[in-house]
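Asks: My structure is in run.txt, and what it holds is compact mmCIF, C-alpha atoms:
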# COMPACT_ATOMS: atom_id res chain seq x y z
CA MET E 462 -73.32 52.17 -38.30
CA ASP E 463 -71.58 54.68 -40.58
CA LEU E 464 -69.40 56.33 -37.95
CA ALA E 465 -67.79 58.71 -40.41
CA THR E 466 -71.16 60.15 -41.42
CA ARG E 467 -72.24 60.48 -37.78
CA VAL E 468 -69.02 62.35 -37.01
CA TRP E 469 -69.44 64.52 -40.12
CA ASN E 470 -72.83 65.48 -38.68
CA HIS E 471 -71.55 65.58 -35.11
CA THR E 472 -73.76 68.54 -34.19
CA TRP E 473 -76.91 66.41 -34.51
CA LYS E 474 -78.92 66.58 -31.30
CA ILE E 475 -79.14 62.78 -31.54
CA ASP E 476 -75.48 62.67 -30.54
CA PRO E 477 -75.02 64.42 -27.20
CA ILE E 478 -71.77 63.22 -25.70
CA VAL E 479 -73.39 61.85 -22.54
CA ARG E 480 -76.90 60.65 -23.30
CA SER E 481 -77.81 58.89 -20.06
CA LEU E 482 -76.87 58.82 -16.37
CA LEU E 483 -76.10 55.15 -17.05
CA ASP E 484 -73.28 56.26 -19.34
CA THR E 485 -70.89 55.78 -16.45
CA ASP E 486 -68.73 53.03 -14.99
CA PHE E 487 -70.36 50.37 -12.83
CA TYR E 488 -67.95 50.88 -9.93
CA LYS E 489 -69.21 54.46 -9.60
CA LEU E 490 -72.72 53.29 -8.82
CA LEU E 491 -71.50 50.63 -6.40
CA MET E 492 -69.34 53.16 -4.57
CA CYS E 493 -72.09 55.77 -4.64
CA GLN E 494 -74.49 53.44 -2.83
CA SER E 495 -71.82 52.69 -0.23
CA VAL E 496 -70.93 56.36 0.26
CA ARG E 497 -74.56 57.41 0.54
CA ARG E 498 -74.98 54.88 3.35
CA SER E 499 -71.86 55.85 5.29
CA HIS E 500 -71.06 59.50 4.40
CA PRO E 501 -74.18 61.10 2.89
CA GLN E 502 -73.39 64.65 4.07
CA THR E 503 -69.60 64.69 3.64
CA ARG E 504 -68.70 67.57 1.33
CA VAL E 505 -66.05 66.97 -1.29
CA THR E 506 -64.46 68.76 -4.21
CA PHE E 507 -63.58 67.01 -7.47
CA GLU E 508 -61.31 68.62 -10.04
CA LEU E 509 -60.28 67.89 -13.60
CA ILE E 510 -56.52 67.25 -13.84
CA ASN E 511 -54.74 67.14 -17.20
CA ARG E 512 -51.54 65.14 -16.61
CA SER E 513 -50.58 65.70 -20.26
CA ARG E 514 -49.99 69.46 -20.07
CA HIS E 515 -48.74 69.52 -23.65
CA VAL E 516 -52.36 69.09 -24.76
CA PRO E 517 -53.82 72.65 -24.66
CA LEU E 518 -57.42 71.77 -23.88
CA ALA E 519 -58.64 75.36 -23.62
CA ARG E 520 -57.31 76.12 -27.10
CA LEU E 521 -58.79 72.96 -28.59
CA VAL E 522 -62.18 72.80 -26.87
CA ASP E 523 -64.67 75.65 -27.27
CA GLU E 524 -65.88 76.86 -23.87
CA GLY E 525 -69.44 77.35 -25.10
CA GLU E 526 -69.64 73.79 -26.42
CA LEU E 527 -68.17 72.48 -23.17
CA ARG E 528 -70.75 74.34 -21.09
CA GLU E 529 -73.56 73.11 -23.36
CA GLN E 530 -72.52 69.48 -22.85
CA LEU E 531 -72.09 69.90 -19.08
CA ASP E 532 -75.49 71.58 -18.84
CA HIS E 533 -77.04 68.74 -20.80
CA VAL E 534 -75.77 66.21 -18.26
CA ARG E 535 -77.48 68.20 -15.50
CA SER E 536 -80.77 67.80 -17.40
CA LEU E 537 -80.56 63.99 -17.44
CA ARG E 538 -82.62 61.68 -15.23
CA LEU E 539 -82.85 57.90 -15.15
CA SER E 540 -85.51 56.63 -17.52
CA ARG E 541 -88.02 54.02 -16.40
CA GLY E 542 -86.25 51.33 -18.41
CA GLU E 543 -82.86 52.26 -16.96
CA SER E 544 -84.21 52.18 -13.44
CA THR E 545 -85.83 48.80 -14.07
CA TRP E 546 -82.52 47.44 -15.35
CA LEU E 547 -80.67 48.56 -12.24
CA ARG E 548 -83.39 47.37 -9.88
CA GLY E 549 -84.05 43.99 -11.45
CA ASN E 550 -80.87 42.87 -13.17
CA THR E 551 -78.41 40.37 -11.70
CA PHE E 552 -74.94 41.80 -11.08
CA TYR E 553 -72.09 39.55 -9.95
CA GLY E 554 -74.64 36.82 -9.29
CA LYS E 555 -76.75 38.98 -6.99
CA ARG E 556 -80.25 40.29 -7.63
CA GLN E 557 -81.27 43.68 -6.27
CA MET E 558 -77.67 44.82 -5.88
CA PHE E 559 -78.99 48.34 -5.48
CA ARG E 560 -81.26 48.91 -2.49
CA PRO E 561 -84.72 50.48 -2.94
CA ASP E 562 -83.81 53.60 -0.93
CA PHE E 563 -80.72 54.17 -3.09
CA MET E 564 -82.73 53.69 -6.28
CA GLU E 565 -85.38 56.17 -5.17
CA TRP E 566 -82.64 58.70 -4.51
CA LEU E 567 -80.89 58.00 -7.83
CA GLU E 568 -84.12 58.28 -9.80
CA GLY E 569 -84.61 61.82 -8.52
CA LEU E 570 -80.99 62.90 -8.78
CA GLN E 571 -79.84 65.98 -10.66
CA LEU E 572 -76.07 66.33 -10.77
CA PRO E 573 -74.92 69.42 -8.81
CA PRO E 574 -73.60 72.62 -10.43
CA TYR E 575 -70.10 72.87 -11.84
CA HIS E 576 -67.53 75.66 -11.87
CA LEU E 577 -65.58 76.26 -15.09
CA GLU E 578 -62.90 78.82 -15.82
CA ARG E 579 -60.09 79.12 -18.30
CA GLN E 580 -56.54 79.27 -16.97
CA GLY E 581 -54.12 79.84 -19.83
CA ASP E 582 -54.25 76.88 -22.21
CA GLN E 583 -56.15 74.69 -19.73
CA TYR E 584 -59.58 74.62 -18.11
CA ARG E 585 -60.18 74.51 -14.37
CA LEU E 586 -63.33 72.43 -13.94
CA THR E 587 -64.47 71.67 -10.40
CA PHE E 588 -67.50 70.17 -8.69
CA GLU E 589 -68.36 70.71 -5.03
CA GLY E 590 -71.12 69.35 -2.81
CA PRO E 591 -72.27 66.21 -1.00
CA TRP E 592 -70.00 63.28 -1.79
CA PRO E 593 -72.68 60.91 -3.22
CA GLU E 594 -73.77 63.56 -5.74
CA VAL E 595 -70.44 65.06 -6.73
CA MET E 596 -68.72 61.71 -7.30
CA LEU E 597 -71.09 60.94 -10.18
CA TRP E 598 -69.64 63.85 -12.18
CA GLU E 599 -66.26 62.14 -12.67
CA ILE E 600 -67.05 59.88 -15.61
CA PRO E 601 -69.33 62.27 -17.58
CA ALA E 602 -66.84 65.13 -17.17
CA LEU E 603 -63.96 63.03 -18.53
CA ALA E 604 -66.05 61.64 -21.38
CA ILE E 605 -67.15 65.14 -22.41
CA ILE E 606 -63.66 66.64 -22.44
CA MET E 607 -62.19 63.68 -24.30
CA GLU E 608 -64.86 63.63 -26.99
CA LEU E 609 -64.88 67.41 -27.47
CA ARG E 610 -61.15 67.19 -28.06
CA SER E 611 -61.76 64.45 -30.64
CA ARG E 612 -64.46 66.49 -32.33
CA ALA E 613 -62.23 69.57 -32.43
CA VAL E 614 -59.51 67.64 -34.27
CA LEU E 615 -61.99 66.03 -36.67
CA LYS E 616 -63.79 69.26 -37.58
CA GLY E 617 -61.33 70.11 -40.29
CA MET E 618 -61.55 66.72 -42.01
CA GLY E 619 -63.66 65.97 -45.08
CA ARG E 620 -66.16 63.13 -45.38
CA PHE E 621 -63.80 60.80 -47.26
CA ALA E 622 -60.88 61.56 -44.94
CA LEU E 623 -63.12 60.63 -42.02
CA GLN E 624 -64.13 57.39 -43.71
CA ILE E 625 -60.49 56.43 -44.22
CA LEU E 626 -59.59 57.43 -40.66
CA TYR E 627 -62.27 55.23 -39.13
CA ALA E 628 -61.50 52.37 -41.53
CA ARG E 629 -57.87 52.43 -40.34
CA ALA E 630 -58.87 52.69 -36.68
CA MET E 631 -61.36 49.83 -37.06
CA THR E 632 -58.70 47.69 -38.71
CA ARG E 633 -56.34 48.41 -35.83
CA VAL E 634 -58.92 47.39 -33.22
CA TRP E 635 -59.85 44.24 -35.13
CA GLU E 636 -56.21 43.19 -35.54
CA LYS E 637 -55.74 43.59 -31.79
CA GLY E 638 -58.75 41.35 -31.24
CA GLU E 639 -57.34 38.73 -33.60
CA ARG E 640 -54.08 38.64 -31.65
CA LEU E 641 -55.84 38.39 -28.30
CA ARG E 642 -58.10 35.61 -29.57
CA ARG E 643 -55.06 33.32 -29.72
CA ILE E 644 -54.55 33.50 -25.94
CA GLU E 645 -55.93 30.35 -24.34
CA GLY E 646 -58.04 31.05 -21.27
CA LEU E 647 -58.07 34.85 -21.69
CA ARG E 648 -60.65 36.86 -19.69
CA LEU E 649 -60.86 40.49 -20.72
CA ALA E 650 -63.27 43.39 -20.10
CA ASP E 651 -63.65 46.88 -21.54
CA PHE E 652 -62.55 49.54 -19.02
CA GLY E 653 -62.38 52.35 -21.58
CA THR E 654 -65.20 54.76 -20.69
CA ARG E 655 -63.23 57.51 -18.96
CA ARG E 656 -60.81 58.35 -21.77
CA ARG E 657 -62.61 57.10 -24.84
CA HIS E 658 -62.54 58.68 -28.28
CA GLY E 659 -66.33 58.95 -28.09
CA TYR E 660 -69.43 57.05 -26.99
CA LEU E 661 -70.25 55.67 -30.44
CA TRP E 662 -66.67 54.52 -30.87
CA GLN E 663 -66.61 52.77 -27.48
CA ASP E 664 -69.85 51.00 -28.37
CA TRP E 665 -68.35 49.91 -31.71
CA CYS E 666 -65.17 48.63 -30.00
CA VAL E 667 -67.24 46.61 -27.55
CA GLN E 668 -69.25 45.03 -30.36
CA ALA E 669 -66.03 44.24 -32.22
CA MET E 670 -64.59 42.49 -29.15
CA ILE E 671 -67.81 40.50 -28.66
CA GLU E 672 -67.34 39.06 -32.14
CA ALA E 673 -63.56 38.79 -32.09
CA LEU E 674 -63.15 37.25 -28.63
CA GLY E 675 -66.43 35.46 -27.94
CA GLU E 676 -66.52 34.12 -24.37
CA LYS E 677 -63.08 35.57 -23.68
CA PHE E 678 -64.70 39.02 -23.62
CA ILE E 679 -66.50 39.06 -20.28
CA GLY E 680 -68.16 42.49 -20.21
CA THR E 681 -67.78 46.24 -19.96
CA SER E 682 -67.47 48.78 -17.18
CA ASN E 683 -69.95 51.03 -19.00
CA CYS E 684 -73.47 50.54 -17.63
CA LEU E 685 -75.30 51.94 -20.66
CA ILE E 686 -73.39 49.72 -23.10
CA ALA E 687 -73.79 46.72 -20.80
CA LYS E 688 -77.56 47.27 -20.82
CA LYS E 689 -77.69 47.93 -24.56
CA ARG E 690 -75.52 44.94 -25.54
CA ASP E 691 -76.76 42.54 -22.82
CA LEU E 692 -73.31 42.24 -21.23
CA GLU E 693 -72.02 41.90 -17.70
CA ALA E 694 -71.38 45.25 -16.02
CA ILE E 695 -67.86 45.01 -14.57
CA GLY E 696 -66.30 46.99 -11.70
CA THR E 697 -65.66 47.06 -7.96
CA ASN E 698 -64.13 50.08 -6.18
CA ALA E 699 -61.53 52.79 -6.80
CA HIS E 700 -58.91 55.01 -5.13
CA GLU E 701 -61.54 57.60 -4.33
CA LEU E 702 -62.79 55.73 -1.24
CA PRO E 703 -59.48 55.58 0.69
CA MET E 704 -58.47 59.06 -0.52
CA VAL E 705 -61.53 60.74 0.97
CA ARG E 706 -61.58 58.61 4.12
CA ALA E 707 -57.89 59.31 4.68
CA ALA E 708 -58.42 63.05 4.28
CA LEU E 709 -61.07 62.90 7.03
CA ALA E 710 -58.72 61.12 9.47
CA PRO E 711 -58.03 63.33 12.54
CA ASP E 712 -54.48 62.10 13.21
CA ASP E 713 -51.70 59.89 11.86
CA GLU E 714 -52.95 56.72 13.52
CA ALA E 715 -56.44 57.17 12.08
CA LEU E 716 -54.83 57.91 8.72
CA ARG E 717 -52.89 54.64 8.89
CA ARG E 718 -56.11 52.70 9.57
CA ALA E 719 -58.27 54.45 6.95
CA PRO E 720 -57.55 52.23 3.90
CA TYR E 721 -58.42 49.10 5.87
CA GLU E 722 -61.57 50.62 7.39
CA VAL E 723 -62.78 51.37 3.86
CA LEU E 724 -62.49 47.69 2.97
CA ALA E 725 -64.11 46.60 6.23
CA ASP E 726 -67.13 48.71 5.24
CA TRP E 727 -67.07 47.26 1.72
CA GLN E 728 -67.03 43.73 3.12
CA GLU E 729 -70.29 44.39 4.96
CA GLU E 730 -72.05 45.02 1.64
CA HIS E 731 -70.33 42.81 -0.91
CA GLU E 732 -69.01 39.30 -1.39
CA GLY E 733 -67.45 37.06 -4.04
CA ASN E 734 -65.81 38.77 -7.01
CA LEU E 735 -66.73 42.21 -5.66
CA ARG E 736 -64.19 41.68 -2.89
CA VAL E 737 -61.19 42.83 -4.89
CA ILE E 738 -58.48 44.83 -3.12
CA LEU E 739 -57.03 47.95 -4.77
CA PRO E 740 -53.84 48.26 -2.68
CA ASP E 741 -51.78 50.95 -4.41
CA THR E 742 -53.39 54.19 -3.18
CA TYR E 743 -50.62 54.60 -0.60
CA GLY E 744 -48.20 51.96 -1.87
CA THR E 745 -48.89 48.28 -2.49
CA LYS E 746 -45.91 46.93 -0.54
CA GLY E 747 -46.74 48.73 2.71
CA PHE E 748 -50.45 48.07 2.31
CA LEU E 749 -49.94 44.31 2.11
CA GLU E 750 -47.31 44.21 4.86
CA ASN E 751 -49.69 45.89 7.32
CA ALA E 752 -52.98 44.41 6.09
CA PRO E 753 -55.18 42.56 8.60
CA ASP E 754 -55.31 38.79 8.12
CA TRP E 755 -58.97 38.78 7.09
CA LEU E 756 -58.14 40.63 3.87
CA ALA E 757 -56.16 37.63 2.59
CA GLU E 758 -59.48 35.80 2.35
CA TRP E 759 -60.80 38.28 -0.19
CA THR E 760 -61.21 37.09 -3.77
CA GLY E 761 -58.58 39.15 -5.54
CA ILE E 762 -56.27 42.13 -6.02
CA ARG E 763 -56.27 44.77 -8.77
CA ILE E 764 -52.89 45.93 -10.12
CA ASP E 765 -53.26 49.55 -11.29
CA SER E 766 -49.83 51.22 -11.05
CA GLY E 767 -46.13 50.53 -10.75
CA ASP E 768 -44.40 47.48 -12.21
CA PRO E 769 -47.25 45.02 -12.87
CA VAL E 770 -45.00 41.95 -12.72
CA GLU E 771 -43.34 43.02 -9.47
CA ASN E 772 -46.66 43.85 -7.80
CA ALA E 773 -48.32 40.66 -9.02
CA GLU E 774 -45.47 38.54 -7.66
CA LEU E 775 -45.76 40.47 -4.39
CA ALA E 776 -49.46 39.65 -4.24
CA LEU E 777 -48.84 35.94 -4.85
CA ARG E 778 -46.22 35.81 -2.09
CA TRP E 779 -48.58 37.64 0.28
CA TRP E 780 -51.37 35.12 -0.32
CA GLN E 781 -48.99 32.22 0.19
CA ALA E 782 -47.68 33.72 3.44
CA HIS E 783 -51.28 33.85 4.69
CA GLY E 784 -52.03 30.23 3.86
CA GLN E 785 -53.98 31.00 0.70
CA ASP E 786 -53.63 29.17 -2.62
CA PRO E 787 -52.94 31.81 -5.29
CA ARG E 788 -54.46 29.52 -7.94
CA GLU E 789 -57.83 30.18 -6.31
CA LYS E 790 -57.31 33.94 -6.23
CA LEU E 791 -57.95 36.62 -8.86
CA LEU E 792 -55.52 39.20 -10.26
CA VAL E 793 -57.02 42.08 -12.23
CA PHE E 794 -54.54 44.04 -14.36
CA SER E 795 -55.81 47.48 -15.38
CA ASP E 796 -52.95 49.97 -15.82
CA GLY E 797 -52.39 51.29 -19.34
CA LEU E 798 -52.75 47.91 -20.99
CA ASP E 799 -52.42 47.11 -24.66
CA VAL E 800 -51.98 43.83 -26.50
CA PRO E 801 -48.24 43.28 -25.83
CA GLU E 802 -48.69 43.81 -22.08
CA ILE E 803 -51.72 41.54 -21.95
CA GLU E 804 -49.85 38.81 -23.84
CA ALA E 805 -46.79 39.03 -21.61
CA LEU E 806 -48.68 39.14 -18.32
CA HIS E 807 -50.93 36.25 -19.32
CA ALA E 808 -47.93 34.15 -20.36
CA ARG E 809 -46.21 34.77 -17.01
CA PHE E 810 -49.13 34.27 -14.62
CA ALA E 811 -51.58 31.89 -16.33
CA GLY E 812 -51.97 28.76 -14.23
CA ARG E 813 -50.50 30.44 -11.15
CA VAL E 814 -53.53 32.63 -10.42
CA ARG E 815 -56.90 33.45 -12.00
CA LEU E 816 -56.50 36.38 -14.40
CA THR E 817 -58.68 39.19 -15.68
CA PHE E 818 -57.63 42.18 -17.75
CA GLY E 819 -59.36 45.57 -17.71
CA TRP E 820 -58.47 47.05 -21.12
CA GLY E 821 -59.05 50.80 -21.17
CA THR E 822 -57.87 53.72 -23.25
CA LEU E 823 -55.85 51.72 -25.76
CA LEU E 824 -58.98 49.80 -26.69
CA THR E 825 -61.37 52.75 -26.93
CA ASN E 826 -59.05 55.58 -27.99
CA ASP E 827 -56.07 54.30 -29.97
CA PHE E 828 -55.87 56.74 -32.86
CA SER E 829 -52.12 57.29 -32.49
CA GLY E 830 -50.39 58.15 -35.76
CA LEU E 831 -53.62 58.33 -37.76
CA VAL E 832 -53.86 62.12 -38.24
CA PRO E 833 -51.21 64.81 -38.90
CA GLY E 834 -49.30 65.92 -35.84
CA ASP E 835 -50.64 62.89 -33.96
CA ALA E 836 -53.42 65.20 -32.79
CA LEU E 837 -55.69 62.30 -31.80
CA ALA E 838 -53.13 60.46 -29.67
CA PRO E 839 -54.65 59.48 -26.31
CA PHE E 840 -53.57 61.51 -23.30
CA SER E 841 -53.84 61.27 -19.52
CA LEU E 842 -56.82 63.12 -18.09
CA VAL E 843 -58.35 62.39 -14.68
CA CYS E 844 -61.06 63.86 -12.47
CA LYS E 845 -60.22 63.27 -8.83
CA ALA E 846 -61.44 64.11 -5.35
CA VAL E 847 -59.03 66.86 -4.28
CA ALA E 848 -60.62 67.84 -0.95
CA ALA E 849 -62.97 66.46 1.70
CA GLU E 850 -64.53 68.79 4.25
CA GLY E 851 -61.95 71.36 3.19
CA ARG E 852 -58.99 69.03 3.82
CA PRO E 853 -56.74 68.04 0.88
CA THR E 854 -56.74 64.50 -0.42
CA VAL E 855 -53.56 62.62 -1.31
CA LYS E 856 -52.77 59.75 -3.64
CA LEU E 857 -49.28 58.24 -3.67
CA SER E 858 -49.70 55.29 -6.08
CA ASP E 859 -46.88 52.88 -6.91
CA ASN E 860 -45.75 55.35 -9.55
CA PRO E 861 -44.64 58.79 -8.30
CA GLU E 862 -45.75 60.25 -11.63
CA LYS E 863 -49.35 59.55 -10.55
CA ALA E 864 -49.00 61.08 -7.07
CA MET E 865 -51.27 64.00 -6.23
CA GLY E 866 -51.81 66.34 -3.30
CA PRO E 867 -49.99 69.27 -1.62
CA PRO E 868 -46.25 68.52 -1.26
CA GLU E 869 -46.30 68.73 2.54
CA GLU E 870 -49.22 66.30 2.73
CA VAL E 871 -47.61 63.95 0.23
CA ALA E 872 -44.51 63.91 2.45
CA ARG E 873 -46.65 63.21 5.53
CA TYR E 874 -48.48 60.33 3.85
CA ARG E 875 -45.20 58.84 2.64
CA ARG E 876 -43.97 58.89 6.25
CA VAL E 877 -47.17 57.47 7.75
CA PHE E 878 -47.41 54.66 5.19
CA GLY E 879 -43.68 53.96 5.09
CA VAL E 880 -43.29 54.56 1.36
CA GLY E 881 -39.62 54.49 0.36
CA GLU E 882 -37.97 55.12 -2.97
CA GLN E 883 -40.22 54.58 -5.99
CA ILE E 884 -39.36 54.14 -9.63
CA ALA E 885 -41.08 56.63 -11.92
CA ARG E 886 -42.85 55.15 -14.93
CA ALA E 887 -44.17 57.19 -17.85
CA VAL E 888 -47.93 57.63 -17.61
CA ARG E 889 -49.11 56.54 -21.03
CA VAL E 890 -52.83 57.15 -20.56
Taking this structure as input, can you express it in the form of structure tokens?
Replies:
Amino acid sequence: MDLATRVWNHTWKIDPIVRSLLDTDFYKLLMCQSVRRSHPQTRVTFELINRSRHVPLARLVDEGELREQLDHVRSLRLSRGESTWLRGNTFYGKRQMFRPDFMEWLEGLQLPPYHLERQGDQYRLTFEGPWPEVMLWEIPALAIIMELRSRAVLKGMGRFALQILYARAMTRVWEKGERLRRIEGLRLADFGTRRRHGYLWQDWCVQAMIEALGEKFIGTSNCLIAKKRDLEAIGTNAHELPMVRAALAPDDEALRRAPYEVLADWQEEHEGNLRVILPDTYGTKGFLENAPDWLAEWTGIRIDSGDPVENAELALRWWQAHGQDPREKLLVFSDGLDVPEIEALHARFAGRVRLTFGWGTLLTNDFSGLVPGDALAPFSLVCKAVAAEGRPTVKLSDNPEKAMGPPEEVARYRRVFGVGEQIARAVRV
């Protein structure tokens, strides 16, 4: 594919930013099915949050173009082929992962309305409604904003400049693949949908990794690309589940139990490699110290914030203290990874535990230093649940720079979950 020409003609109707409801991450669909079973009428609010305030999105991205892309997503429905893939494919070794009642609902789904307003140099973009519907806006909203920002920067470039830009970016991706190919026993997946440069670029990066890494590249979180490229769809669950459940808790004791009740529900539906704990929503250390014994039998733990080495060592000690052999367990690293981090973490933990790496933004959006003013450098944009039934949500993380929620609620959660001093780490992406 001639990416430069496609970008030069980026207004073609053949290139809407989100072209399918399957252009989302696999964990979203898994969580959506679970939420629809347990909390179908719970009302939530999601909001776009630009952690990189130096990027003036409202000055870069045209409001009319943004509305056009958001409206297009609301026009999408699952095609017959997409529905057949979800209904009949094998995911994580299980056929019919998605129940018939969920599929019937998903096939008729139209994403709910959005609310968009400009506030200075930023946009306020929110979605409100039933949790199973609103949650599916997260990935498309992020993909749209990120790609419109890319398109805005590229608009002023000529055809040859675009060709050189993409040649340099392709070379960078390929050289990363060549370095990673040297790692014996590597298992790596694409986690780059949410903050990608663009859909076509993510698809290209995935194809490049298929060739560069062979069996070391185990799949992608993106359902549409997994279907298109005959790959494994990768993903389990995210911070959203404990954040909403915690917000619904009527008192401190119920709040303390909420993260574990989420995983008890998950255990009823899933087994094997889908039983991966994400412990950092309210602090990994406290989560593991107070976790019920049955959680130690789960397959793995995902490390998504804080010091990855420190938290991985903590996880290994926790398994050992519960009579588990860490060599039979799985660690999934997924926080701001690039090649040096992957190399270092693999060198430290290989042979001590099973390893998988979820490589995100710095696979699918590493254009740093390739245009004047570094205007294509990746930045940190999220779309999070900020309220449930009118009550604010909170996320503490293992990195205070990623914390979110009203200050008084953040203080309450820190008290309830016993979170002490934390070391701030720069949020790269």
Asks: Kindly indicate which residue among E:Leu674, E:Val634, E:Ala885, E:Ala602 lies nearest to Thr825 (chain E), using all atoms listed in the file for the distances.
Replies: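 Checking each candidate against Thr825 (chain E), we get E:Val634 as the closest.
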Asks: So how many Å separate CA of Glu599 (chain E) and CA of Cys844 (chain E), to one decimal?
Replies: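 Answer for the CA of Glu599 (chain E) to CA of Cys844 (chain E) separation: 5.5 Å.
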Asks: Between CA of Gly554 (chain E) and CA of Pro769 (chain E), what is the spacing in Å?
Replies: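 Value for the CA of Pro769 (chain E)-CA of Gly554 (chain E) distance: 28.8 Å.
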Asks: My list of candidates is E:Leu521, E:Ala650, E:Ala836, E:Ala773. Which is closest to Leu806 (chain E) when distances are computed with only C-alpha atoms?
Replies: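 Answer, going by the shortest atom-to-atom distance: E:Ala773.
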Asks: Go through E:Arg467, E:Asp741, E:Glu758, E:Ala776 and flag the residue nearest Asn860 (chain E), using only C-alpha atoms for the distances.
Replies: E:Asp741
Asks: Pick out the closest residue to Gly646 (chain E) from this set: E:Val890, E:Ala838, E:Ala687, E:Ile679. Count all atoms listed in the file.
Replies: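 Checking each of E:Val890, E:Ala838, E:Ala687, E:Ile679 against Gly646 (chain E), counting all atoms listed in the file, the winner is E:Ile679.
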Asks: For each of E:Thr742, E:Gln530, E:Ser766, E:Thr506, take the minimum atom-to-atom distance to Ala707 (chain E), counting all atoms listed in the file, then give the residue where this is smallest.
Replies: E:Thr742
Asks: So that each row is one residue of region 577-643 of chain E with an atom at most 9 Å from region 523-527 of chain E, can you give its shortest atom pair and the distance in Å to one decimal, using all atoms listed in the file, rows by chain and rising number, as a tab-separated table?
Replies:
residue	atom	partner	partner_atom	distance
E:Leu577	CA	E:Glu524	CA	8.8
E:Glu578	CA	E:Glu524	CA	8.8
E:Arg579	CA	E:Glu524	CA	8.3
E:Tyr584	CA	E:Glu524	CA	8.8
E:Ile605	CA	E:Leu527	CA	7.4
E:Ile606	CA	E:Leu527	CA	7.4
E:Leu609	CA	E:Leu527	CA	7.4
E:Ala613	CA	E:Asp523	CA	8.3
Asks: Rebuild region 525-541 of chain E so that it carries N, CA and C atoms, then output the result as a PDB file, in the coordinates of the input.
Replies:
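Wrote it out as result28.pdb, contents follow:
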ATOM      1  N   GLY E 525     -67.993  77.403 -24.965  1.00  0.00           N
ATOM      2  CA  GLY E 525     -69.440  77.350 -25.100  1.00  0.00           C
ATOM      3  C   GLY E 525     -69.944  75.929 -25.321  1.00  0.00           C
ATOM      4  N   GLU E 526     -69.251  75.176 -26.176  1.00  0.00           N
ATOM      5  CA  GLU E 526     -69.640  73.790 -26.420  1.00  0.00           C
ATOM      6  C   GLU E 526     -69.466  72.954 -25.147  1.00  0.00           C
ATOM      7  N   LEU E 527     -68.395  73.214 -24.407  1.00  0.00           N
ATOM      8  CA  LEU E 527     -68.170  72.480 -23.170  1.00  0.00           C
ATOM      9  C   LEU E 527     -69.292  72.751 -22.174  1.00  0.00           C
ATOM     10  N   ARG E 528     -69.660  74.007 -22.008  1.00  0.00           N
ATOM     11  CA  ARG E 528     -70.750  74.340 -21.090  1.00  0.00           C
ATOM     12  C   ARG E 528     -72.074  73.702 -21.541  1.00  0.00           C
ATOM     13  N   GLU E 529     -72.316  73.707 -22.839  1.00  0.00           N
ATOM     14  CA  GLU E 529     -73.560  73.110 -23.360  1.00  0.00           C
ATOM     15  C   GLU E 529     -73.634  71.623 -23.006  1.00  0.00           C
ATOM     16  N   GLN E 530     -72.520  70.913 -23.151  1.00  0.00           N
ATOM     17  CA  GLN E 530     -72.520  69.480 -22.850  1.00  0.00           C
ATOM     18  C   GLN E 530     -72.645  69.231 -21.346  1.00  0.00           C
ATOM     19  N   LEU E 531     -71.966  70.046 -20.529  1.00  0.00           N
ATOM     20  CA  LEU E 531     -72.090  69.900 -19.080  1.00  0.00           C
ATOM     21  C   LEU E 531     -73.505  70.205 -18.620  1.00  0.00           C
ATOM     22  N   ASP E 532     -74.102  71.240 -19.190  1.00  0.00           N
ATOM     23  CA  ASP E 532     -75.490  71.580 -18.840  1.00  0.00           C
ATOM     24  C   ASP E 532     -76.446  70.466 -19.232  1.00  0.00           C
ATOM     25  N   HIS E 533     -76.172  69.841 -20.372  1.00  0.00           N
ATOM     26  CA  HIS E 533     -77.040  68.740 -20.800  1.00  0.00           C
ATOM     27  C   HIS E 533     -77.021  67.596 -19.793  1.00  0.00           C
ATOM     28  N   VAL E 534     -75.850  67.280 -19.250  1.00  0.00           N
ATOM     29  CA  VAL E 534     -75.770  66.210 -18.260  1.00  0.00           C
ATOM     30  C   VAL E 534     -76.636  66.538 -17.042  1.00  0.00           C
ATOM     31  N   ARG E 535     -76.667  67.809 -16.665  1.00  0.00           N
ATOM     32  CA  ARG E 535     -77.480  68.200 -15.500  1.00  0.00           C
ATOM     33  C   ARG E 535     -78.978  68.073 -15.778  1.00  0.00           C
ATOM     34  N   SER E 536     -79.351  67.962 -17.046  1.00  0.00           N
ATOM     35  CA  SER E 536     -80.770  67.800 -17.400  1.00  0.00           C
ATOM     36  C   SER E 536     -81.206  66.334 -17.403  1.00  0.00           C
ATOM     37  N   LEU E 537     -80.252  65.411 -17.311  1.00  0.00           N
ATOM     38  CA  LEU E 537     -80.560  63.990 -17.440  1.00  0.00           C
ATOM     39  C   LEU E 537     -81.164  63.418 -16.158  1.00  0.00           C
ATOM     40  N   ARG E 538     -82.075  62.464 -16.327  1.00  0.00           N
ATOM     41  CA  ARG E 538     -82.620  61.680 -15.230  1.00  0.00           C
ATOM     42  C   ARG E 538     -82.689  60.226 -15.692  1.00  0.00           C
ATOM     43  N   LEU E 539     -82.672  59.306 -14.765  1.00  0.00           N
ATOM     44  CA  LEU E 539     -82.850  57.900 -15.150  1.00  0.00           C
ATOM     45  C   LEU E 539     -84.213  57.711 -15.801  1.00  0.00           C
ATOM     46  N   SER E 540     -84.238  56.978 -16.915  1.00  0.00           N
ATOM     47  CA  SER E 540     -85.510  56.630 -17.520  1.00  0.00           C
ATOM     48  C   SER E 540     -86.117  55.438 -16.772  1.00  0.00           C
ATOM     49  N   ARG E 541     -87.369  55.156 -17.056  1.00  0.00           N
ATOM     50  CA  ARG E 541     -88.020  54.020 -16.400  1.00  0.00           C
ATOM     51  C   ARG E 541     -87.315  52.708 -16.735  1.00  0.00           C
TER      52      ARG E 541
END
